[in-house]
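Raw contents of query15.pdb, PDB, C-alpha atoms, pLDDT in the B column:
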ATOM      1  CA  MET A   1       0.000   0.000   0.000  1.00 42.00           C
ATOM      2  CA  SER A   2       2.815   2.377   0.902  1.00 41.00           C
ATOM      3  CA  THR A   3       4.526   1.514  -2.353  1.00 43.00           C
ATOM      4  CA  ILE A   4       1.440   2.528  -4.356  1.00 39.00           C
ATOM      5  CA  LYS A   5       1.177   5.799  -2.435  1.00 40.00           C
ATOM      6  CA  SER A   6       4.834   6.514  -3.057  1.00 41.00           C
ATOM      7  CA  GLU A   7       4.411   5.876  -6.758  1.00 41.00           C
ATOM      8  CA  GLN A   8       1.401   8.253  -6.914  1.00 40.00           C
ATOM      9  CA  THR A   9       3.412  10.967  -5.164  1.00 42.00           C
ATOM     10  CA  SER A  10       6.351  10.516  -7.489  1.00 41.00           C
ATOM     11  CA  THR A  11       4.132  10.839 -10.546  1.00 41.00           C
ATOM     12  CA  THR A  12       2.157  13.817  -9.247  1.00 38.00           C
ATOM     13  CA  THR A  13       5.061  15.977  -8.109  1.00 56.00           C
ATOM     14  CA  PRO A  14       6.835  16.254 -11.481  1.00 58.00           C
ATOM     15  CA  ARG A  15       3.548  17.134 -13.153  1.00 62.00           C
ATOM     16  CA  THR A  16       2.846  19.795 -10.545  1.00 58.00           C
ATOM     17  CA  LEU A  17       6.338  21.227 -10.963  1.00 55.00           C
ATOM     18  CA  GLU A  18       5.944  21.175 -14.721  1.00 69.00           C
ATOM     19  CA  ARG A  19       2.648  23.020 -14.398  1.00 76.00           C
ATOM     20  CA  THR A  20       4.231  25.639 -12.144  1.00 73.00           C
ATOM     21  CA  GLU A  21       7.105  26.127 -14.572  1.00 76.00           C
ATOM     22  CA  THR A  22       4.625  26.502 -17.414  1.00 82.00           C
ATOM     23  CA  ILE A  23       2.737  29.180 -15.510  1.00 83.00           C
ATOM     24  CA  GLY A  24       6.023  30.932 -14.779  1.00 80.00           C
ATOM     25  CA  GLY A  25       7.013  30.795 -18.437  1.00 84.00           C
ATOM     26  CA  ILE A  26       3.656  32.169 -19.549  1.00 89.00           C
ATOM     27  CA  LEU A  27       3.882  35.012 -17.032  1.00 89.00           C
ATOM     28  CA  ILE A  28       7.395  35.833 -18.241  1.00 90.00           C
ATOM     29  CA  ALA A  29       6.067  36.099 -21.803  1.00 92.00           C
ATOM     30  CA  VAL A  30       3.148  38.285 -20.652  1.00 93.00           C
ATOM     31  CA  PHE A  31       5.327  40.669 -18.679  1.00 93.00           C
ATOM     32  CA  ALA A  32       7.911  40.791 -21.462  1.00 94.00           C
ATOM     33  CA  ALA A  33       5.125  41.900 -23.815  1.00 95.00           C
ATOM     34  CA  LEU A  34       3.925  44.498 -21.297  1.00 94.00           C
ATOM     35  CA  LEU A  35       7.510  45.714 -20.912  1.00 94.00           C
ATOM     36  CA  ALA A  36       7.826  46.130 -24.686  1.00 95.00           C
ATOM     37  CA  ILE A  37       4.545  48.074 -24.831  1.00 94.00           C
ATOM     38  CA  ALA A  38       5.572  50.293 -21.902  1.00 94.00           C
ATOM     39  CA  GLU A  39       8.937  50.901 -23.565  1.00 94.00           C
ATOM     40  CA  LEU A  40       7.253  51.928 -26.826  1.00 95.00           C
ATOM     41  CA  VAL A  41       4.803  54.303 -25.135  1.00 94.00           C
ATOM     42  CA  ASN A  42       7.534  55.720 -22.919  1.00 95.00           C
ATOM     43  CA  ASN A  43       9.775  56.438 -25.912  1.00 95.00           C
ATOM     44  CA  ASN A  44       6.928  58.318 -27.618  1.00 95.00           C
ATOM     45  CA  LEU A  45       6.262  60.327 -24.457  1.00 95.00           C
ATOM     46  CA  GLU A  46       9.946  61.178 -24.076  1.00 95.00           C
ATOM     47  CA  GLU A  47      10.037  62.356 -27.683  1.00 95.00           C
ATOM     48  CA  GLU A  48       6.989  64.566 -27.095  1.00 94.00           C
ATOM     49  CA  MET A  49       8.591  65.863 -23.907  1.00 95.00           C
ATOM     50  CA  MET A  50      11.741  66.854 -25.809  1.00 96.00           C
ATOM     51  CA  ILE A  51       9.647  68.620 -28.450  1.00 95.00           C
ATOM     52  CA  SER A  52       7.710  70.507 -25.765  1.00 95.00           C
ATOM     53  CA  HIS A  53      10.920  71.490 -23.989  1.00 95.00           C
ATOM     54  CA  SER A  54      12.454  72.669 -27.265  1.00 96.00           C
ATOM     55  CA  GLN A  55       9.369  74.772 -27.995  1.00 95.00           C
ATOM     56  CA  PHE A  56       9.470  76.156 -24.454  1.00 95.00           C
ATOM     57  CA  VAL A  57      13.066  77.303 -25.026  1.00 96.00           C
ATOM     58  CA  ASN A  58      12.240  78.753 -28.468  1.00 95.00           C
ATOM     59  CA  TYR A  59       9.236  80.684 -27.176  1.00 95.00           C
ATOM     60  CA  SER A  60      11.240  81.916 -24.175  1.00 95.00           C
ATOM     61  CA  ASN A  61      13.883  83.293 -26.539  1.00 96.00           C
ATOM     62  CA  TRP A  62      11.128  84.836 -28.666  1.00 95.00           C
ATOM     63  CA  TYR A  63       9.681  86.470 -25.549  1.00 95.00           C
ATOM     64  CA  GLN A  64      13.110  87.838 -24.597  1.00 96.00           C
ATOM     65  CA  SER A  65      13.610  89.338 -28.053  1.00 95.00           C
ATOM     66  CA  LYS A  66      10.250  91.119 -27.747  1.00 94.00           C
ATOM     67  CA  SER A  67      11.279  92.381 -24.307  1.00 95.00           C
ATOM     68  CA  ILE A  68      14.507  93.822 -25.718  1.00 96.00           C
ATOM     69  CA  LYS A  69      12.648  95.568 -28.549  1.00 94.00           C
ATOM     70  CA  GLN A  70      10.116  96.936 -26.086  1.00 94.00           C
ATOM     71  CA  SER A  71      12.881  98.247 -23.817  1.00 95.00           C
ATOM     72  CA  LEU A  72      14.509 100.022 -26.763  1.00 95.00           C
ATOM     73  CA  LYS A  73      11.223 101.644 -27.728  1.00 93.00           C
ATOM     74  CA  GLU A  74      10.572 102.661 -24.107  1.00 93.00           C
ATOM     75  CA  SER A  75      14.014 104.299 -23.990  1.00 93.00           C
ATOM     76  CA  GLU A  76      13.251 106.083 -27.237  1.00 91.00           C
ATOM     77  CA  LEU A  77       9.906 107.228 -25.850  1.00 91.00           C
ATOM     78  CA  ASP A  78      11.537 108.563 -22.693  1.00 91.00           C
ATOM     79  CA  TYR A  79      14.084 110.433 -24.811  1.00 89.00           C
ATOM     80  CA  LEU A  80      11.402 112.022 -26.999  1.00 88.00           C
ATOM     81  CA  ASN A  81       9.343 113.034 -23.955  1.00 87.00           C
ATOM     82  CA  ALA A  82      12.431 114.557 -22.382  1.00 86.00           C
ATOM     83  CA  LEU A  83      13.113 116.526 -25.549  1.00 83.00           C
ATOM     84  CA  THR A  84       9.563 117.812 -25.577  1.00 84.00           C
ATOM     85  CA  GLU A  85       9.738 118.900 -21.962  1.00 81.00           C
ATOM     86  CA  THR A  86      12.963 120.861 -22.482  1.00 81.00           C
ATOM     87  CA  GLY A  87      11.268 123.186 -24.957  1.00 76.00           C
ATOM     88  CA  ILE A  88      14.250 123.255 -27.303  1.00 80.00           C
ATOM     89  CA  ILE A  89      12.291 121.807 -30.214  1.00 75.00           C
ATOM     90  CA  PRO A  90      11.212 124.415 -32.778  1.00 81.00           C
ATOM     91  CA  GLU A  91       7.467 124.990 -33.110  1.00 78.00           C
ATOM     92  CA  ASP A  92       7.426 123.693 -36.664  1.00 77.00           C
ATOM     93  CA  LYS A  93       8.931 120.391 -35.483  1.00 78.00           C
ATOM     94  CA  ILE A  94       6.652 119.793 -32.486  1.00 83.00           C
ATOM     95  CA  LYS A  95       3.983 118.149 -34.637  1.00 85.00           C
ATOM     96  CA  ASN A  96       6.455 115.664 -36.054  1.00 86.00           C
ATOM     97  CA  ILE A  97       7.853 114.892 -32.599  1.00 85.00           C
ATOM     98  CA  ASN A  98       4.348 114.311 -31.192  1.00 87.00           C
ATOM     99  CA  ALA A  99       3.570 111.974 -34.080  1.00 90.00           C
ATOM    100  CA  LYS A 100       6.807 110.114 -33.393  1.00 90.00           C
ATOM    101  CA  ILE A 101       5.921 109.882 -29.692  1.00 89.00           C
ATOM    102  CA  ALA A 102       2.487 108.465 -30.536  1.00 91.00           C
ATOM    103  CA  GLN A 103       4.018 105.957 -32.947  1.00 93.00           C
ATOM    104  CA  THR A 104       6.640 104.879 -30.427  1.00 93.00           C
ATOM    105  CA  LYS A 105       4.037 104.549 -27.684  1.00 92.00           C
ATOM    106  CA  GLY A 106       1.973 102.396 -30.034  1.00 92.00           C
ATOM    107  CA  MET A 107       4.989 100.150 -30.649  1.00 93.00           C
ATOM    108  CA  VAL A 108       5.561  99.786 -26.895  1.00 93.00           C
ATOM    109  CA  LEU A 109       1.940  98.707 -26.407  1.00 93.00           C
ATOM    110  CA  LYS A 110       2.168  96.376 -29.411  1.00 93.00           C
ATOM    111  CA  TYR A 111       5.252  94.631 -28.035  1.00 94.00           C
ATOM    112  CA  GLU A 112       3.560  94.326 -24.649  1.00 94.00           C
ATOM    113  CA  ALA A 113       0.512  92.680 -26.244  1.00 93.00           C
ATOM    114  CA  GLU A 114       2.732  90.343 -28.268  1.00 93.00           C
ATOM    115  CA  LYS A 115       4.684  89.385 -25.153  1.00 94.00           C
ATOM    116  CA  THR A 116       1.459  88.612 -23.284  1.00 94.00           C
ATOM    117  CA  GLU A 117       0.202  86.384 -26.098  1.00 94.00           C
ATOM    118  CA  ILE A 118       3.561  84.589 -26.350  1.00 94.00           C
ATOM    119  CA  LEU A 119       3.549  84.057 -22.591  1.00 95.00           C
ATOM    120  CA  VAL A 120      -0.007  82.782 -22.027  1.00 93.00           C
ATOM    121  CA  GLY A 121      -1.022  81.626 -25.522  1.00 92.00           C
ATOM    122  CA  SER A 122      -3.665  82.836 -27.976  1.00 92.00           C
ATOM    123  CA  SER A 123      -6.368  80.680 -26.398  1.00 90.00           C
ATOM    124  CA  ASN A 124      -6.048  82.675 -23.165  1.00 91.00           C
ATOM    125  CA  VAL A 125      -6.236  86.057 -24.862  1.00 90.00           C
ATOM    126  CA  PRO A 126      -9.492  87.599 -26.184  1.00 91.00           C
ATOM    127  CA  ARG A 127      -9.699  87.397 -29.968  1.00 90.00           C
ATOM    128  CA  GLU A 128      -9.779  91.173 -30.331  1.00 88.00           C
ATOM    129  CA  HIS A 129      -6.462  91.413 -28.475  1.00 87.00           C
ATOM    130  CA  TRP A 130      -4.536  88.966 -30.630  1.00 91.00           C
ATOM    131  CA  ALA A 131      -1.330  90.749 -31.627  1.00 90.00           C
ATOM    132  CA  GLN A 132       1.152  88.084 -32.718  1.00 89.00           C
ATOM    133  CA  ASP A 133       0.833  85.896 -35.793  1.00 88.00           C
ATOM    134  CA  LEU A 134       2.483  82.533 -36.407  1.00 87.00           C
ATOM    135  CA  ASP A 135       3.413  81.838 -40.020  1.00 84.00           C
ATOM    136  CA  GLY A 136       0.947  84.528 -41.066  1.00 85.00           C
ATOM    137  CA  GLU A 137      -1.969  83.120 -39.029  1.00 88.00           C
ATOM    138  CA  MET A 138      -3.430  84.768 -35.959  1.00 92.00           C
ATOM    139  CA  GLY A 139      -4.546  82.862 -32.880  1.00 90.00           C
ATOM    140  CA  LYS A 140      -2.043  80.028 -33.315  1.00 91.00           C
ATOM    141  CA  ILE A 141       0.340  80.847 -30.465  1.00 93.00           C
ATOM    142  CA  ILE A 142       0.847  78.183 -27.807  1.00 92.00           C
ATOM    143  CA  GLY A 143       2.226  80.146 -24.883  1.00 92.00           C
ATOM    144  CA  ILE A 144       5.358  79.634 -22.815  1.00 95.00           C
ATOM    145  CA  ASN A 145       3.248  78.637 -19.826  1.00 94.00           C
ATOM    146  CA  GLU A 146       1.442  76.017 -21.902  1.00 95.00           C
ATOM    147  CA  TRP A 147       4.688  74.540 -23.254  1.00 95.00           C
ATOM    148  CA  GLU A 148       6.117  74.441 -19.741  1.00 95.00           C
ATOM    149  CA  LYS A 149       3.041  72.625 -18.425  1.00 94.00           C
ATOM    150  CA  LEU A 150       3.149  70.156 -21.323  1.00 94.00           C
ATOM    151  CA  THR A 151       6.816  69.437 -20.600  1.00 95.00           C
ATOM    152  CA  GLN A 152       6.080  68.833 -16.928  1.00 94.00           C
ATOM    153  CA  ASP A 153       3.091  66.590 -17.725  1.00 95.00           C
ATOM    154  CA  TYR A 154       5.122  64.505 -20.174  1.00 95.00           C
ATOM    155  CA  GLU A 155       7.961  64.239 -17.652  1.00 95.00           C
ATOM    156  CA  THR A 156       5.584  63.039 -14.923  1.00 94.00           C
ATOM    157  CA  ALA A 157       4.059  60.461 -17.282  1.00 95.00           C
ATOM    158  CA  THR A 158       7.470  59.139 -18.369  1.00 95.00           C
ATOM    159  CA  LYS A 159       8.519  58.737 -14.736  1.00 95.00           C
ATOM    160  CA  LYS A 160       5.451  56.573 -14.114  1.00 95.00           C
ATOM    161  CA  PHE A 161       6.275  54.450 -17.156  1.00 95.00           C
ATOM    162  CA  ASP A 162       9.891  54.127 -16.021  1.00 95.00           C
ATOM    163  CA  LEU A 163       8.663  52.754 -12.703  1.00 95.00           C
ATOM    164  CA  GLY A 164       6.237  50.433 -14.502  1.00 95.00           C
ATOM    165  CA  LYS A 165       9.059  49.147 -16.713  1.00 95.00           C
ATOM    166  CA  LEU A 166      11.191  48.475 -13.645  1.00 95.00           C
ATOM    167  CA  LEU A 167       8.408  46.433 -12.060  1.00 95.00           C
ATOM    168  CA  PHE A 168       7.896  44.425 -15.268  1.00 95.00           C
ATOM    169  CA  GLN A 169      11.632  43.712 -15.378  1.00 95.00           C
ATOM    170  CA  ILE A 170      11.486  42.514 -11.775  1.00 94.00           C
ATOM    171  CA  CYS A 171       8.600  40.220 -12.753  1.00 93.00           C
ATOM    172  CA  ILE A 172      10.669  38.702 -15.549  1.00 93.00           C
ATOM    173  CA  VAL A 173      13.593  38.092 -13.166  1.00 93.00           C
ATOM    174  CA  LEU A 174      11.261  36.497 -10.621  1.00 90.00           C
ATOM    175  CA  GLY A 175       9.845  34.277 -13.347  1.00 89.00           C
ATOM    176  CA  ALA A 176      13.311  33.163 -14.404  1.00 88.00           C
ATOM    177  CA  VAL A 177      14.194  32.315 -10.797  1.00 87.00           C
ATOM    178  CA  CYS A 178      10.879  30.470 -10.456  1.00 84.00           C
ATOM    179  CA  ILE A 179      11.802  28.204 -13.365  1.00 83.00           C
ATOM    180  CA  ILE A 180      15.325  27.613 -12.054  1.00 83.00           C
ATOM    181  CA  ILE A 181      14.286  26.437  -8.567  1.00 81.00           C
ATOM    182  CA  ARG A 182      12.535  23.309  -9.822  1.00 73.00           C
ATOM    183  CA  ASP A 183      12.863  21.320  -6.597  1.00 74.00           C
ATOM    184  CA  ASN A 184      10.938  23.662  -4.325  1.00 76.00           C
ATOM    185  CA  LYS A 185       7.263  23.803  -5.233  1.00 80.00           C
ATOM    186  CA  LYS A 186       6.299  26.127  -2.359  1.00 83.00           C
ATOM    187  CA  LEU A 187       9.009  28.626  -3.199  1.00 84.00           C
ATOM    188  CA  GLN A 188       7.978  28.541  -6.848  1.00 83.00           C
ATOM    189  CA  LYS A 189       4.409  29.445  -5.871  1.00 86.00           C
ATOM    190  CA  ASN A 190       5.685  32.298  -3.727  1.00 88.00           C
ATOM    191  CA  PHE A 191       7.683  33.662  -6.655  1.00 87.00           C
ATOM    192  CA  ILE A 192       4.607  33.440  -8.891  1.00 89.00           C
ATOM    193  CA  ILE A 193       2.568  35.346  -6.302  1.00 91.00           C
ATOM    194  CA  LEU A 194       5.296  38.004  -6.189  1.00 91.00           C
ATOM    195  CA  MET A 195       5.289  38.174  -9.991  1.00 92.00           C
ATOM    196  CA  LEU A 196       1.544  38.763 -10.045  1.00 92.00           C
ATOM    197  CA  ALA A 197       1.764  41.378  -7.287  1.00 94.00           C
ATOM    198  CA  PHE A 198       4.610  43.340  -8.902  1.00 94.00           C
ATOM    199  CA  GLY A 199       2.961  42.956 -12.308  1.00 94.00           C
ATOM    200  CA  ALA A 200      -0.379  44.292 -11.067  1.00 95.00           C
ATOM    201  CA  ILE A 201       1.338  47.310  -9.503  1.00 96.00           C
ATOM    202  CA  GLY A 202       3.313  47.870 -12.723  1.00 94.00           C
ATOM    203  CA  ILE A 203       0.139  47.757 -14.808  1.00 95.00           C
ATOM    204  CA  LEU A 204      -1.639  50.220 -12.502  1.00 96.00           C
ATOM    205  CA  ILE A 205       1.300  52.659 -12.461  1.00 95.00           C
ATOM    206  CA  SER A 206       1.718  52.461 -16.249  1.00 94.00           C
ATOM    207  CA  ALA A 207      -2.012  53.026 -16.749  1.00 94.00           C
ATOM    208  CA  TYR A 208      -1.823  56.027 -14.419  1.00 95.00           C
ATOM    209  CA  GLY A 209       1.101  57.390 -16.426  1.00 93.00           C
ATOM    210  CA  PHE A 210      -0.913  56.950 -19.628  1.00 93.00           C
ATOM    211  CA  ILE A 211      -3.804  58.889 -18.075  1.00 93.00           C
ATOM    212  CA  LEU A 212      -1.447  61.698 -16.991  1.00 90.00           C
ATOM    213  CA  ALA A 213       0.016  62.047 -20.493  1.00 90.00           C
ATOM    214  CA  PRO A 214      -1.393  65.082 -22.371  1.00 85.00           C
TER     215      PRO A 214
END
Using structure tokens, write down the structure from this file.
Amino acid sequence: MSTIKSEQTSTTTPRTLERTETIGGILIAVFAALLAIAELVNNNLEEEMMISHSQFVNYSNWYQSKSIKQSLKESELDYLNALTETGIIPEDKIKNINAKIAQTKGMVLKYEAEKTEILVGSSNVPREHWAQDLDGEMGKIIGINEWEKLTQDYETATKKFDLGKLLFQICIVLGAVCIIIRDNKKLQKNFIILMLAFGAIGILISAYGFILAP
């Protein structure tokens, strides 16, 4: 009787181990696929983040150039006003100077409006106050603040995907160890449970990163 029981145990255990190894192998394949998907999405997000950062830098430089032009016009305006106040301008030239002052003041206000639109974006400026075109079209400016927010959002999303990728990699390592330790059924099950736990967390974090992406 004991011999029969021993034979049943010896035939069951290898099958159970084989089943556990199969589950581990399947989970490795699943998490490898999830890792590849996360890698692909993360690469796209990083590319978008670099584009947003580049645009942020370009628009910041554009804003600075407008600020310099405005400062020059403000200096010119102060100079013209000072000339007017001194009274040294001949009467026949006063009209021309006043026209120049009005024109310069208009340029100062124009640069200020353009700077505001470049900073906050056309969508945050009333249509009647649009002052800066982009490739000949009005209302197309995406502001510095918007590019900065996009960059930050993409960066946050990529960090979540990086963490998700790390967890998927850990799952693959756990699966490989699970297959190697063939003689310990209990330990194999524990590794599979860890794989599922880390994998579930990785999926949730990656999904959260996808939701955060603009």
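Among the candidates A:Tyr111, A:Glu48, A:Leu27, A:His53, the residue lying nearest to Ser65 (chain A) is A:Tyr111 (atoms considered: all atoms listed in the file).
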Query - the PyMOL selection byres ((chain A and resi 128-141) around 12) resolved against shown file, as a PyMOL selection string - result: chain A and resi 55-56+59+62-63+66+107+109-127+142-147
Query raised in the report: Just how far from CA of Glu39 (chain A) is CA of Glu21 (chain A), in Å to one decimal?
Result: 26.4 Å
Give me, as a tab-separated table, the closest atom pair and its distance (Å, one decimal) for every residue of region 34-75 of chain A within a cut-off of 12 Å of region 198-213 of chain A, counting all atoms listed in the file, rows sorted by chain and rising number.
residue	atom	partner	partner_atom	distance
A:Leu34	CA	A:Ile203	CA	8.2
A:Leu35	CA	A:Gly202	CA	9.5
A:Ile37	CA	A:Ser206	CA	10.0
A:Ala38	CA	A:Ser206	CA	7.2
A:Glu39	CA	A:Ser206	CA	10.4
A:Leu40	CA	A:Ser206	CA	11.9
A:Val41	CA	A:Phe210	CA	8.4
A:Asn42	CA	A:Phe210	CA	9.1
A:Asn44	CA	A:Ala213	CA	10.6
A:Leu45	CA	A:Ala213	CA	7.6
A:Glu46	CA	A:Ala213	CA	10.6
A:Glu48	CA	A:Ala213	CA	9.9
A:Met49	CA	A:Ala213	CA	10.0
Query - Å distance separating CA of Met195 (chain A) from CA of Ala157 (chain A), one decimal place - result: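 About the pair CA of Met195 (chain A) and CA of Ala157 (chain A): they are 23.5 Å apart.
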Query raised in the report: CA of Ile192 (chain A) and CA of Ile23 (chain A), how far apart in Å?
Result: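 According to the coordinates, CA of Ile23 (chain A) and CA of Ile192 (chain A) are separated by 8.1 Å.
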Query raised in the report: Which is closest to Ser75 (chain A) among A:Val57, A:Ile88, A:Ile181, A:Ile101, if we use only C-alpha atoms?
Result: A:Ile101
**Report entry** Explicit residues for the PyMOL selection byres ((chain A and resi 182) around 9) (as JSON, numbers by chain)
**Finding:** {"A": [17, 18, 20, 21, 178, 179, 180, 181, 183, 184, 185, 188]}
Report task. Compile the contact shell of region 103-106 of chain A as a PyMOL selection string: residues with an atom at most 12 Å away, counting all atoms listed in the file, same-chain residues fewer than 2 positions apart removed. Result -> chain A and resi 69-81+96-101+108-113
